[in-house]
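To start, the structure itself, in structure tokens.
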Amino acid sequence: MKYDEYNKFREDFFETASHISDSKSIEYTISNEDKFYNFKHVAERLGITAQQALMVYVLKHVDAICNDAKTGKTHSDETTYQRCLDVANYMVLYAAMDKERPHANNTEPPGSTDSGADRNCENAPKSEQWSDLTRTAKTRT
């Protein structure tokens with residue numbers, strides 16, 4: 001795909017994602033003014049954070065996309081393109097949700113010393129919580 005084709009695809013993709021976000025928002029927030037109501041409500045019922053609830057929704061789509069990448073097959077009416085749109089919308093929601101939580105990595109503009117935007121550099125802290133994650137036969141359902 002050439003750059004101009006890609007740029008057009010990207011523009012159309014995000015325009016479509018925006019329309020989907022707007023239309024689904026009313027349903028998922030149960031007409032509540034809080035954009036994050038659904039995630040907060042689910043989180044409260046499950047005893048997790050709103051961010052964790054959101055990530056459950058994301059991972060459902062990511063798993064299906066991974067299956068498509070591995071097998072070349074989809075097993076539902078929802079296409080890979082539709083799942084990608086949903087993941088993009090969830091990432092915007094997560095970023096907006098994260099903006100509401102004060103912490104060092106989201107209070108500075110990208111590129112500043114404390115922004116967290118340079119996490120791929122040598123001196124970036126390693127996340128200990130993820131280093132031992134492995135999938136074993138015991139964790140499979």
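Lettering and numbering for the structure tokens are positional, with chains as A, B, ... in the shown order, residues counted from 1 in each chain, and ligands counted from 1 in the shown order.
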
All residues 9 Å or closer to stretch 70-87 of chain A, only C-alpha atoms, same chain fewer than 5 positions away omitted, as a ChimeraX atom specification: /A:13-14,16-18,20-21,57-59,61-62,64-65,92

Two-atom distance - atom CA of A:Phe36, atom CA of A:Met55 (Å): 12.8 Å
